[in-house]
Amino acid sequence: MHAVVLVGGFGTRLRPLTYSIPKPLLPVAHTSMLERLMNSLAHGGVTHAVLALGFKPEPFMSAFPNDMCGSVQLSYAVEDSPLDTAGAIGFAARTAGITDTFVVANGDVLTDLDIASLISFHRSQGAEGTISLTPVDDPSQYGIVETDANGRVLRFLEKPQPGMTTSNFASAGTYVFEASALARMPGDKKLSIERVVFPQMVADKALFALSTDDYWIDAGRPDTYISANIHVSKRALQSTDRPIHPTATVGASATIVNSVIGQNAVVLDGARIERSVVLPGAHIGRGAVVTDSLVMGTVGANSQVTHSIIGSTGVVAENAECSNAQVPAQDPAQVPR
Ligand code: GDD
Ligand code: MG
C-alpha cells in the first residue's frame, strides 16, 4: 500500500523552532513526529510513502539517508511553490506513480489509529474517500464532519465559526482514497482538500468517515506539542520514550516536572522545568525556571521563562523575565544584515 504524507507546511505556529527544523522532524519524546507516523503507517500495511514537500526539503532527505524509515520505503515530491493540501496530494501521487487505493496522512498528527481498520471500512462502504475522525473539544481549530448513520459524510466544514455546526467530530488528518479521487486533484495548481475537494465529494455522496477513540493529537501548536511530549514520555511504551534522554545532563538539584529533556540538552543545578520541552542541544542555566515553554536555544541562569518558545539561535539573558515571547522573533536567515 502507498501513502502520501503531507509535510510541506511552514509550521508557523511552532516558530521559531521551525526556522531550523521542519515541524514533522521535531521530536516527540526523542523520536520525530514523522518517524512515529511512519511506524503507524507501516503497522497498517503501508510499504511506500511519498513525502509531499515544499518548504525545506533538504532536512527530510538527510534525515533518511537510505530513503528508508523503518520498513517504509520513502520517495519525495518537491513542490516549486506551495500547492496546498489537495494540490500537494495530486502532485505527489502522480510523482510516485500511484494508481491504486492509497492512504494520506498529515505529517503533524500523532495517533494510535489502526489504519488497517480504516482501509477495511473504506472498502466495505465502496467509498471514493474515507476520513478518520476523532472527537475534539474545540471544533474551531479543525475540519469538522457531519455524517449519517452509515458513516456517509453530509457536511465538511473547515475551522467552523461557533454556531455553524453541532458536531464535534474532527477530521483526524488521515484519509483513504481510491485512485479515481485523483481526478479531483490535478496537482498543477493550489487546491485545498478541506475547503474544495471534500465539499465536492460530499455533494457527490462519495465521502465516508469513521470515528475512533484512539489517542490522537495534532502536535502542530505549542500547547499540543507539549501535551504530545508529556503523553508519550509518561506512558513510555519503549525505554527510548522516557522523559529524560540518556545523553542529557541534568543537575542533581534540578527539578523536572511533566517535561521532556532531549538529547544532549543541559539543565543545570537548581533549575525547574515544568510542562515544557527542552529540545536537543538546549542549555538551561542554574536556577532558571522554565514553564509551559519550548526551548531549543539558551536560557541564562536565574531567568524565568513562561509560555515562550526559544529557537535554536535564541538566547534569554541571565536574571531575565521572558513571558509569551518568541526568541528570536524573526527567522535569522531572513533578517537583512
Ligand atoms: N506539501 C504541502 N504543501 N504540504 C502542506 C501544504 C502545502 O502547500 N500546506 C499544508 N501542508 C501540510 C502540513 O505540513 C501538514 O502536515 C498538513 O498539510 C496539514 O496542515 P496544517 O497546517 O497542520 O493544518 P491544520 O492542522 O490547521 O488542519 C488540518 O489538520 C487537522 C487535523 O490535524 C486540516 O486537515 C483539518 O481539517 C484537520 O482537522
Ligand atoms: Mg496540523
# chains A, B, ... in the order shown; residues from 1 in each chain; ligands from 1
>>> residues_near_ligand(ligand="ligand 2", cutoff="9 Å", atoms="only C-alpha atoms and all ligand atoms", output="list in words")
Gly9, Gly11, Asn106, Gly107, Asp108, Val109, Tyr142, Gly173, Asp218, Ala219, Gly220 and Arg221 of chain A
>>> write_last_selection(atoms="N, CA, C and O atoms", output="PDB file, in the first residue's frame")
ATOM      1  N   GLY A   9       4.089  22.093   4.969  1.00  0.00           N
ATOM      2  CA  GLY A   9       3.624  23.336   5.597  1.00  0.00           C
ATOM      3  C   GLY A   9       4.782  24.110   6.222  1.00  0.00           C
ATOM      4  O   GLY A   9       5.900  23.607   6.341  1.00  0.00           O
ATOM      5  N   GLY A  11       4.816  25.372   9.333  1.00  0.00           N
ATOM      6  CA  GLY A  11       4.937  25.189  10.779  1.00  0.00           C
ATOM      7  C   GLY A  11       4.931  26.519  11.518  1.00  0.00           C
ATOM      8  O   GLY A  11       5.641  26.690  12.511  1.00  0.00           O
ATOM      9  N   ASN A 106      -1.624  13.696   7.322  1.00  0.00           N
ATOM     10  CA  ASN A 106      -0.978  14.957   7.699  1.00  0.00           C
ATOM     11  C   ASN A 106       0.249  14.613   8.537  1.00  0.00           C
ATOM     12  O   ASN A 106       0.169  13.769   9.430  1.00  0.00           O
ATOM     13  N   GLY A 107       1.359  15.296   8.279  1.00  0.00           N
ATOM     14  CA  GLY A 107       2.624  14.911   8.905  1.00  0.00           C
ATOM     15  C   GLY A 107       2.780  15.322  10.362  1.00  0.00           C
ATOM     16  O   GLY A 107       3.788  14.998  10.988  1.00  0.00           O
ATOM     17  N   ASP A 108       1.802  16.039  10.928  1.00  0.00           N
ATOM     18  CA  ASP A 108       1.973  16.520  12.307  1.00  0.00           C
ATOM     19  C   ASP A 108       1.020  15.841  13.274  1.00  0.00           C
ATOM     20  O   ASP A 108       0.792  16.327  14.375  1.00  0.00           O
ATOM     21  N   VAL A 109       0.441  14.720  12.837  1.00  0.00           N
ATOM     22  CA  VAL A 109      -0.545  14.048  13.673  1.00  0.00           C
ATOM     23  C   VAL A 109       0.072  12.838  14.361  1.00  0.00           C
ATOM     24  O   VAL A 109       0.812  12.076  13.754  1.00  0.00           O
ATOM     25  N   TYR A 142     -10.298  22.796  13.736  1.00  0.00           N
ATOM     26  CA  TYR A 142     -10.170  21.586  12.908  1.00  0.00           C
ATOM     27  C   TYR A 142     -11.162  21.597  11.744  1.00  0.00           C
ATOM     28  O   TYR A 142     -11.997  22.483  11.642  1.00  0.00           O
ATOM     29  N   GLY A 173      -7.038  13.940  10.023  1.00  0.00           N
ATOM     30  CA  GLY A 173      -5.894  14.165   9.136  1.00  0.00           C
ATOM     31  C   GLY A 173      -5.310  12.884   8.569  1.00  0.00           C
ATOM     32  O   GLY A 173      -4.167  12.864   8.130  1.00  0.00           O
ATOM     33  N   ASP A 218      -2.999  16.596  17.224  1.00  0.00           N
ATOM     34  CA  ASP A 218      -2.281  17.338  16.198  1.00  0.00           C
ATOM     35  C   ASP A 218      -1.220  18.137  16.950  1.00  0.00           C
ATOM     36  O   ASP A 218      -1.541  19.087  17.667  1.00  0.00           O
ATOM     37  N   ALA A 219       0.031  17.734  16.809  1.00  0.00           N
ATOM     38  CA  ALA A 219       1.113  18.311  17.616  1.00  0.00           C
ATOM     39  C   ALA A 219       1.674  19.589  16.996  1.00  0.00           C
ATOM     40  O   ALA A 219       2.796  19.982  17.297  1.00  0.00           O
ATOM     41  N   GLY A 220       0.886  20.255  16.150  1.00  0.00           N
ATOM     42  CA  GLY A 220       1.382  21.416  15.416  1.00  0.00           C
ATOM     43  C   GLY A 220       1.262  22.746  16.133  1.00  0.00           C
ATOM     44  O   GLY A 220       1.589  23.777  15.562  1.00  0.00           O
ATOM     45  N   ARG A 221       0.774  22.747  17.375  1.00  0.00           N
ATOM     46  CA  ARG A 221       0.673  24.007  18.141  1.00  0.00           C
ATOM     47  C   ARG A 221       1.513  23.863  19.398  1.00  0.00           C
ATOM     48  O   ARG A 221       1.693  22.754  19.900  1.00  0.00           O
TER      49      ARG A 221
END
>>> closest_atom_pairs(of="chain A", to="ligand 1", cutoff="8 Å", atoms="only C-alpha atoms and all ligand atoms", output="CSV")
residue,atom,partner,partner_atom_place_in_ligand_line,distance
A:Val5,CA,ligand 1,16 (O),7.3
A:Leu6,CA,ligand 1,16 (O),4.5
A:Val7,CA,ligand 1,14 (O),3.8
A:Gly8,CA,ligand 1,4 (N),3.3
A:Gly9,CA,ligand 1,14 (O),3.3
A:Phe10,CA,ligand 1,14 (O),6.6
A:Gly11,CA,ligand 1,22 (O),6.8
A:Lys23,CA,ligand 1,14 (O),7.4
A:Pro24,CA,ligand 1,16 (O),7.3
A:Leu51,CA,ligand 1,1 (N),7.6
A:Ala52,CA,ligand 1,1 (N),4.2
A:Leu53,CA,ligand 1,1 (N),4.4
A:Gly54,CA,ligand 1,1 (N),5.3
A:Phe55,CA,ligand 1,3 (N),7.8
A:Val78,CA,ligand 1,1 (N),7.5
A:Glu79,CA,ligand 1,1 (N),6.8
A:Ser81,CA,ligand 1,8 (O),7.4
A:Pro82,CA,ligand 1,8 (O),3.6
A:Leu83,CA,ligand 1,8 (O),4.2
A:Asp84,CA,ligand 1,8 (O),3.3
A:Thr85,CA,ligand 1,6 (C),5.0
A:Gly87,CA,ligand 1,3 (N),7.3
A:Ala88,CA,ligand 1,1 (N),4.8
A:Ile89,CA,ligand 1,1 (N),7.4
A:Ala105,CA,ligand 1,16 (O),7.4
A:Asn106,CA,ligand 1,16 (O),3.9
A:Gly107,CA,ligand 1,16 (O),3.9
A:Asp108,CA,ligand 1,16 (O),5.1
A:Val109,CA,ligand 1,33 (O),5.9
A:Gln141,CA,ligand 1,27 (O),6.7
A:Tyr142,CA,ligand 1,39 (O),3.6
A:Gly143,CA,ligand 1,37 (O),3.3
A:Ile144,CA,ligand 1,39 (O),6.6
A:Glu158,CA,ligand 1,37 (O),5.6
A:Lys159,CA,ligand 1,37 (O),7.2
A:Ala170,CA,ligand 1,39 (O),5.2
A:Ser171,CA,ligand 1,39 (O),4.2
A:Ala172,CA,ligand 1,32 (C),4.7
A:Gly173,CA,ligand 1,32 (C),4.5
A:Lys190,CA,ligand 1,8 (O),7.4
A:Ile193,CA,ligand 1,35 (O),7.7
A:Glu194,CA,ligand 1,37 (O),5.6
A:Ile217,CA,ligand 1,33 (O),7.2
A:Asp218,CA,ligand 1,33 (O),4.6
A:Ala219,CA,ligand 1,33 (O),7.9
A:Gly220,CA,ligand 1,23 (O),6.0
>>> write_last_selection(atoms="C-alpha atoms", output="tab-separated table (two decimals), in the first residue's frame")
chain	number	residue	atom	x	y	z
A	5	VAL	CA	2.42	12.17	3.70
A	6	LEU	CA	1.87	15.94	3.78
A	7	VAL	CA	4.93	17.64	5.21
A	8	GLY	CA	5.17	20.84	3.18
A	9	GLY	CA	3.62	23.34	5.60
A	10	PHE	CA	5.55	26.21	7.17
A	11	GLY	CA	4.94	25.19	10.78
A	23	LYS	CA	7.62	20.59	12.08
A	24	PRO	CA	7.37	16.88	11.19
A	51	LEU	CA	6.70	12.83	1.21
A	52	ALA	CA	4.83	15.84	-0.21
A	53	LEU	CA	7.46	18.51	0.36
A	54	GLY	CA	7.75	22.18	-0.32
A	55	PHE	CA	9.30	24.22	2.42
A	78	VAL	CA	9.08	18.66	-4.05
A	79	GLU	CA	6.69	21.47	-5.00
A	81	SER	CA	5.56	26.67	-4.80
A	82	PRO	CA	3.11	25.52	-2.08
A	83	LEU	CA	0.18	23.70	-3.72
A	84	ASP	CA	-1.94	23.48	-0.54
A	85	THR	CA	-3.24	20.12	0.67
A	87	GLY	CA	-2.64	20.23	-4.84
A	88	ALA	CA	0.16	18.55	-2.88
A	89	ILE	CA	-1.62	15.17	-2.80
A	105	ALA	CA	-1.66	11.49	6.34
A	106	ASN	CA	-0.98	14.96	7.70
A	107	GLY	CA	2.62	14.91	8.90
A	108	ASP	CA	1.97	16.52	12.31
A	109	VAL	CA	-0.55	14.05	13.67
A	141	GLN	CA	-9.36	24.53	15.21
A	142	TYR	CA	-10.17	21.59	12.91
A	143	GLY	CA	-12.10	20.30	9.91
A	144	ILE	CA	-15.48	19.29	11.34
A	158	GLU	CA	-13.01	23.60	7.80
A	159	LYS	CA	-12.40	25.57	11.03
A	170	ALA	CA	-12.90	16.44	13.63
A	171	SER	CA	-11.06	15.12	10.64
A	172	ALA	CA	-8.05	13.42	12.18
A	173	GLY	CA	-5.89	14.17	9.14
A	190	LYS	CA	-3.05	25.37	-5.45
A	193	ILE	CA	-8.70	19.34	0.18
A	194	GLU	CA	-10.56	20.68	3.19
A	217	ILE	CA	-3.28	14.79	18.83
A	218	ASP	CA	-2.28	17.34	16.20
A	219	ALA	CA	1.11	18.31	17.62
A	220	GLY	CA	1.38	21.42	15.42
>>> atom_distance(atom1="CA of Val50 (chain A)", atom2="CA of Asp100 (chain A)")
14.0 Å
>>> residues_around(residues="Phe121 (chain A)", least_positions_apart="5", cutoff="10 Å", atoms="only C-alpha atoms", output="MDAnalysis selection string")
chainID A and resid 115:116 126:127 130 151 176 208:210
>>> closest_residue(among="A:Ala248, A:Val4, A:Ile309, A:Leu157", to="Val104 (chain A)", atoms="only C-alpha atoms")
A:Val4
>>> residues_around(residues="Ser233 (chain A)", least_positions_apart="2", cutoff="8 Å", atoms="only C-alpha atoms", output="mmCIF file with all heavy atoms, in the first residue's frame")
data_model
loop_
_atom_site.group_PDB
_atom_site.id
_atom_site.type_symbol
_atom_site.label_atom_id
_atom_site.label_comp_id
_atom_site.auth_asym_id
_atom_site.auth_seq_id
_atom_site.Cartn_x
_atom_site.Cartn_y
_atom_site.Cartn_z
ATOM 1 N N ALA A 29 9.062 13.099 22.453
ATOM 2 C CA ALA A 29 9.766 12.130 23.295
ATOM 3 C C ALA A 29 10.897 11.447 22.512
ATOM 4 O O ALA A 29 10.965 10.222 22.421
ATOM 5 C CB ALA A 29 8.810 11.121 23.905
ATOM 6 N N ASN A 229 4.332 15.442 23.880
ATOM 7 C CA ASN A 229 5.591 15.008 24.500
ATOM 8 C C ASN A 229 5.347 14.409 25.880
ATOM 9 O O ASN A 229 5.905 13.364 26.221
ATOM 10 C CB ASN A 229 6.560 16.193 24.614
ATOM 11 C CG ASN A 229 7.423 16.352 23.378
ATOM 12 O OD1 ASN A 229 8.462 15.718 23.252
ATOM 13 N ND2 ASN A 229 6.968 17.166 22.439
ATOM 14 N N ILE A 230 4.492 15.073 26.660
ATOM 15 C CA ILE A 230 4.231 14.580 28.018
ATOM 16 C C ILE A 230 3.535 13.212 27.946
ATOM 17 O O ILE A 230 3.936 12.259 28.613
ATOM 18 C CB ILE A 230 3.378 15.591 28.822
ATOM 19 C CG1 ILE A 230 4.174 16.888 29.041
ATOM 20 C CG2 ILE A 230 2.933 14.998 30.157
ATOM 21 C CD1 ILE A 230 3.379 18.014 29.677
ATOM 22 N N HIS A 231 2.521 13.123 27.073
ATOM 23 C CA HIS A 231 1.763 11.871 26.972
ATOM 24 C C HIS A 231 2.676 10.702 26.597
ATOM 25 O O HIS A 231 2.676 9.660 27.250
ATOM 26 C CB HIS A 231 0.650 12.028 25.930
ATOM 27 C CG HIS A 231 -0.060 10.753 25.624
ATOM 28 N ND1 HIS A 231 -1.124 10.290 26.372
ATOM 29 C CD2 HIS A 231 0.160 9.800 24.684
ATOM 30 C CE1 HIS A 231 -1.531 9.129 25.895
ATOM 31 N NE2 HIS A 231 -0.764 8.805 24.866
ATOM 32 N N ARG A 235 3.757 7.519 29.203
ATOM 33 C CA ARG A 235 3.363 6.115 29.032
ATOM 34 C C ARG A 235 4.578 5.277 28.634
ATOM 35 O O ARG A 235 4.571 4.067 28.845
ATOM 36 C CB ARG A 235 2.200 5.970 28.054
ATOM 37 C CG ARG A 235 2.576 6.151 26.616
ATOM 38 C CD ARG A 235 1.412 5.845 25.693
ATOM 39 N NE ARG A 235 1.809 6.076 24.317
ATOM 40 C CZ ARG A 235 1.030 5.904 23.274
ATOM 41 N NH1 ARG A 235 -0.199 5.502 23.427
ATOM 42 N NH2 ARG A 235 1.480 6.133 22.058
ATOM 43 N N ALA A 236 5.606 5.906 28.039
ATOM 44 C CA ALA A 236 6.874 5.261 27.679
ATOM 45 C C ALA A 236 6.729 3.779 27.335
ATOM 46 O O ALA A 236 7.215 2.900 28.029
ATOM 47 C CB ALA A 236 7.902 5.470 28.794
ATOM 48 N N ASP A 241 11.434 6.239 25.011
ATOM 49 C CA ASP A 241 10.442 7.323 25.112
ATOM 50 C C ASP A 241 10.508 8.044 26.461
ATOM 51 O O ASP A 241 9.748 8.981 26.692
ATOM 52 C CB ASP A 241 9.008 6.771 24.986
ATOM 53 C CG ASP A 241 8.692 6.237 23.602
ATOM 54 O OD1 ASP A 241 9.475 6.513 22.675
ATOM 55 O OD2 ASP A 241 7.677 5.543 23.455
ATOM 56 N N ARG A 242 11.369 7.588 27.367
ATOM 57 C CA ARG A 242 11.342 8.151 28.728
ATOM 58 C C ARG A 242 11.657 9.644 28.730
ATOM 59 O O ARG A 242 12.377 10.129 27.850
ATOM 60 C CB ARG A 242 12.326 7.401 29.627
ATOM 61 C CG ARG A 242 11.786 6.021 29.959
ATOM 62 C CD ARG A 242 12.627 5.333 31.010
ATOM 63 N NE ARG A 242 12.239 3.941 31.068
ATOM 64 C CZ ARG A 242 13.070 2.910 31.052
ATOM 65 N NH1 ARG A 242 14.369 3.114 31.010
ATOM 66 N NH2 ARG A 242 12.601 1.675 31.085
ATOM 67 N N PRO A 243 11.135 10.390 29.755
ATOM 68 C CA PRO A 243 11.204 11.857 29.712
ATOM 69 C C PRO A 243 12.613 12.435 29.540
ATOM 70 O O PRO A 243 12.787 13.414 28.818
ATOM 71 C CB PRO A 243 10.620 12.286 31.055
ATOM 72 C CG PRO A 243 9.758 11.143 31.490
ATOM 73 C CD PRO A 243 10.343 9.898 30.893
ATOM 74 N N VAL A 260 9.920 17.025 28.985
ATOM 75 C CA VAL A 260 10.832 16.141 28.259
ATOM 76 C C VAL A 260 12.157 16.876 28.061
ATOM 77 O O VAL A 260 12.169 18.047 27.670
ATOM 78 C CB VAL A 260 10.219 15.715 26.906
ATOM 79 C CG1 VAL A 260 11.251 15.031 26.032
ATOM 80 C CG2 VAL A 260 9.029 14.786 27.146
#
>>> decode(residues="region 74-88 of chain A", atoms="all heavy atoms", output="mmCIF file, in the first residue's frame")
data_model
loop_
_atom_site.group_PDB
_atom_site.id
_atom_site.type_symbol
_atom_site.label_atom_id
_atom_site.label_comp_id
_atom_site.auth_asym_id
_atom_site.auth_seq_id
_atom_site.Cartn_x
_atom_site.Cartn_y
_atom_site.Cartn_z
ATOM 1 N N LEU A 74 10.869 5.388 1.213
ATOM 2 C CA LEU A 74 10.430 6.766 1.007
ATOM 3 C C LEU A 74 10.766 7.259 -0.388
ATOM 4 O O LEU A 74 11.776 6.848 -0.973
ATOM 5 C CB LEU A 74 11.136 7.697 2.005
ATOM 6 C CG LEU A 74 10.916 7.433 3.489
ATOM 7 C CD1 LEU A 74 11.720 8.417 4.322
ATOM 8 C CD2 LEU A 74 9.435 7.531 3.837
ATOM 9 N N SER A 75 9.901 8.123 -0.921
ATOM 10 C CA SER A 75 10.283 8.902 -2.090
ATOM 11 C C SER A 75 9.815 10.332 -1.838
ATOM 12 O O SER A 75 9.137 10.597 -0.839
ATOM 13 C CB SER A 75 9.703 8.311 -3.375
ATOM 14 O OG SER A 75 8.301 8.401 -3.353
ATOM 15 N N TYR A 76 10.196 11.255 -2.704
ATOM 16 C CA TYR A 76 9.971 12.675 -2.418
ATOM 17 C C TYR A 76 9.318 13.359 -3.608
ATOM 18 O O TYR A 76 9.668 13.078 -4.754
ATOM 19 C CB TYR A 76 11.317 13.367 -2.111
ATOM 20 C CG TYR A 76 12.117 12.624 -1.058
ATOM 21 C CD1 TYR A 76 13.089 11.694 -1.417
ATOM 22 C CD2 TYR A 76 11.862 12.826 0.291
ATOM 23 C CE1 TYR A 76 13.799 10.987 -0.458
ATOM 24 C CE2 TYR A 76 12.564 12.122 1.259
ATOM 25 C CZ TYR A 76 13.532 11.204 0.880
ATOM 26 O OH TYR A 76 14.224 10.506 1.825
ATOM 27 N N ALA A 77 8.376 14.250 -3.323
ATOM 28 C CA ALA A 77 7.794 15.098 -4.365
ATOM 29 C C ALA A 77 7.942 16.532 -3.873
ATOM 30 O O ALA A 77 7.336 16.898 -2.864
ATOM 31 C CB ALA A 77 6.324 14.747 -4.570
ATOM 32 N N VAL A 78 8.777 17.303 -4.533
ATOM 33 C CA VAL A 78 9.080 18.656 -4.050
ATOM 34 C C VAL A 78 8.357 19.689 -4.916
ATOM 35 O O VAL A 78 8.576 19.766 -6.130
ATOM 36 C CB VAL A 78 10.608 18.925 -4.080
ATOM 37 C CG1 VAL A 78 10.914 20.295 -3.497
ATOM 38 C CG2 VAL A 78 11.356 17.838 -3.303
ATOM 39 N N GLU A 79 7.457 20.452 -4.277
ATOM 40 C CA GLU A 79 6.687 21.473 -4.998
ATOM 41 C C GLU A 79 7.549 22.712 -5.263
ATOM 42 O O GLU A 79 8.324 23.107 -4.392
ATOM 43 C CB GLU A 79 5.468 21.886 -4.155
ATOM 44 C CG GLU A 79 4.479 20.761 -3.957
ATOM 45 C CD GLU A 79 3.710 20.870 -2.638
ATOM 46 O OE1 GLU A 79 3.327 21.974 -2.228
ATOM 47 O OE2 GLU A 79 3.500 19.811 -2.016
ATOM 48 N N ASP A 80 7.367 23.333 -6.433
ATOM 49 C CA ASP A 80 8.074 24.596 -6.720
ATOM 50 C C ASP A 80 7.520 25.715 -5.861
ATOM 51 O O ASP A 80 8.243 26.573 -5.384
ATOM 52 C CB ASP A 80 7.913 24.975 -8.198
ATOM 53 C CG ASP A 80 8.715 24.047 -9.086
ATOM 54 O OD1 ASP A 80 9.695 23.462 -8.569
ATOM 55 O OD2 ASP A 80 8.353 23.889 -10.257
ATOM 56 N N SER A 81 6.194 25.713 -5.713
ATOM 57 C CA SER A 81 5.559 26.669 -4.799
ATOM 58 C C SER A 81 4.456 25.886 -4.084
ATOM 59 O O SER A 81 3.969 24.881 -4.623
ATOM 60 C CB SER A 81 4.992 27.851 -5.573
ATOM 61 O OG SER A 81 4.002 27.387 -6.448
ATOM 62 N N PRO A 82 4.063 26.324 -2.858
ATOM 63 C CA PRO A 82 3.115 25.522 -2.080
ATOM 64 C C PRO A 82 1.805 25.307 -2.836
ATOM 65 O O PRO A 82 1.209 26.251 -3.331
ATOM 66 C CB PRO A 82 2.879 26.378 -0.824
ATOM 67 C CG PRO A 82 4.036 27.309 -0.739
ATOM 68 C CD PRO A 82 4.471 27.557 -2.156
ATOM 69 N N LEU A 83 1.382 24.049 -2.940
ATOM 70 C CA LEU A 83 0.182 23.700 -3.716
ATOM 71 C C LEU A 83 -1.045 23.522 -2.828
ATOM 72 O O LEU A 83 -2.105 23.170 -3.331
ATOM 73 C CB LEU A 83 0.447 22.420 -4.515
ATOM 74 C CG LEU A 83 1.465 22.543 -5.652
ATOM 75 C CD1 LEU A 83 1.761 21.184 -6.270
ATOM 76 C CD2 LEU A 83 0.939 23.506 -6.721
ATOM 77 N N ASP A 84 -0.872 23.728 -1.517
ATOM 78 C CA ASP A 84 -1.943 23.478 -0.538
ATOM 79 C C ASP A 84 -2.236 21.963 -0.524
ATOM 80 O O ASP A 84 -1.695 21.204 -1.320
ATOM 81 C CB ASP A 84 -3.177 24.337 -0.843
ATOM 82 C CG ASP A 84 -4.021 24.591 0.406
ATOM 83 O OD1 ASP A 84 -3.831 23.879 1.417
ATOM 84 O OD2 ASP A 84 -4.868 25.504 0.372
ATOM 85 N N THR A 85 -3.120 21.549 0.380
ATOM 86 C CA THR A 85 -3.238 20.118 0.668
ATOM 87 C C THR A 85 -3.621 19.243 -0.541
ATOM 88 O O THR A 85 -2.909 18.279 -0.839
ATOM 89 C CB THR A 85 -4.235 19.918 1.819
ATOM 90 O OG1 THR A 85 -5.350 20.786 1.628
ATOM 91 C CG2 THR A 85 -3.605 20.266 3.163
ATOM 92 N N ALA A 86 -4.706 19.588 -1.256
ATOM 93 C CA ALA A 86 -5.122 18.730 -2.383
ATOM 94 C C ALA A 86 -4.157 18.853 -3.550
ATOM 95 O O ALA A 86 -3.893 17.863 -4.257
ATOM 96 C CB ALA A 86 -6.539 19.082 -2.829
ATOM 97 N N GLY A 87 -3.632 20.060 -3.771
ATOM 98 C CA GLY A 87 -2.640 20.231 -4.835
ATOM 99 C C GLY A 87 -1.432 19.356 -4.548
ATOM 100 O O GLY A 87 -0.904 18.672 -5.436
ATOM 101 N N ALA A 88 -1.016 19.336 -3.273
ATOM 102 C CA ALA A 88 0.157 18.550 -2.879
ATOM 103 C C ALA A 88 -0.101 17.053 -3.033
ATOM 104 O O ALA A 88 0.779 16.310 -3.482
ATOM 105 C CB ALA A 88 0.525 18.870 -1.425
#
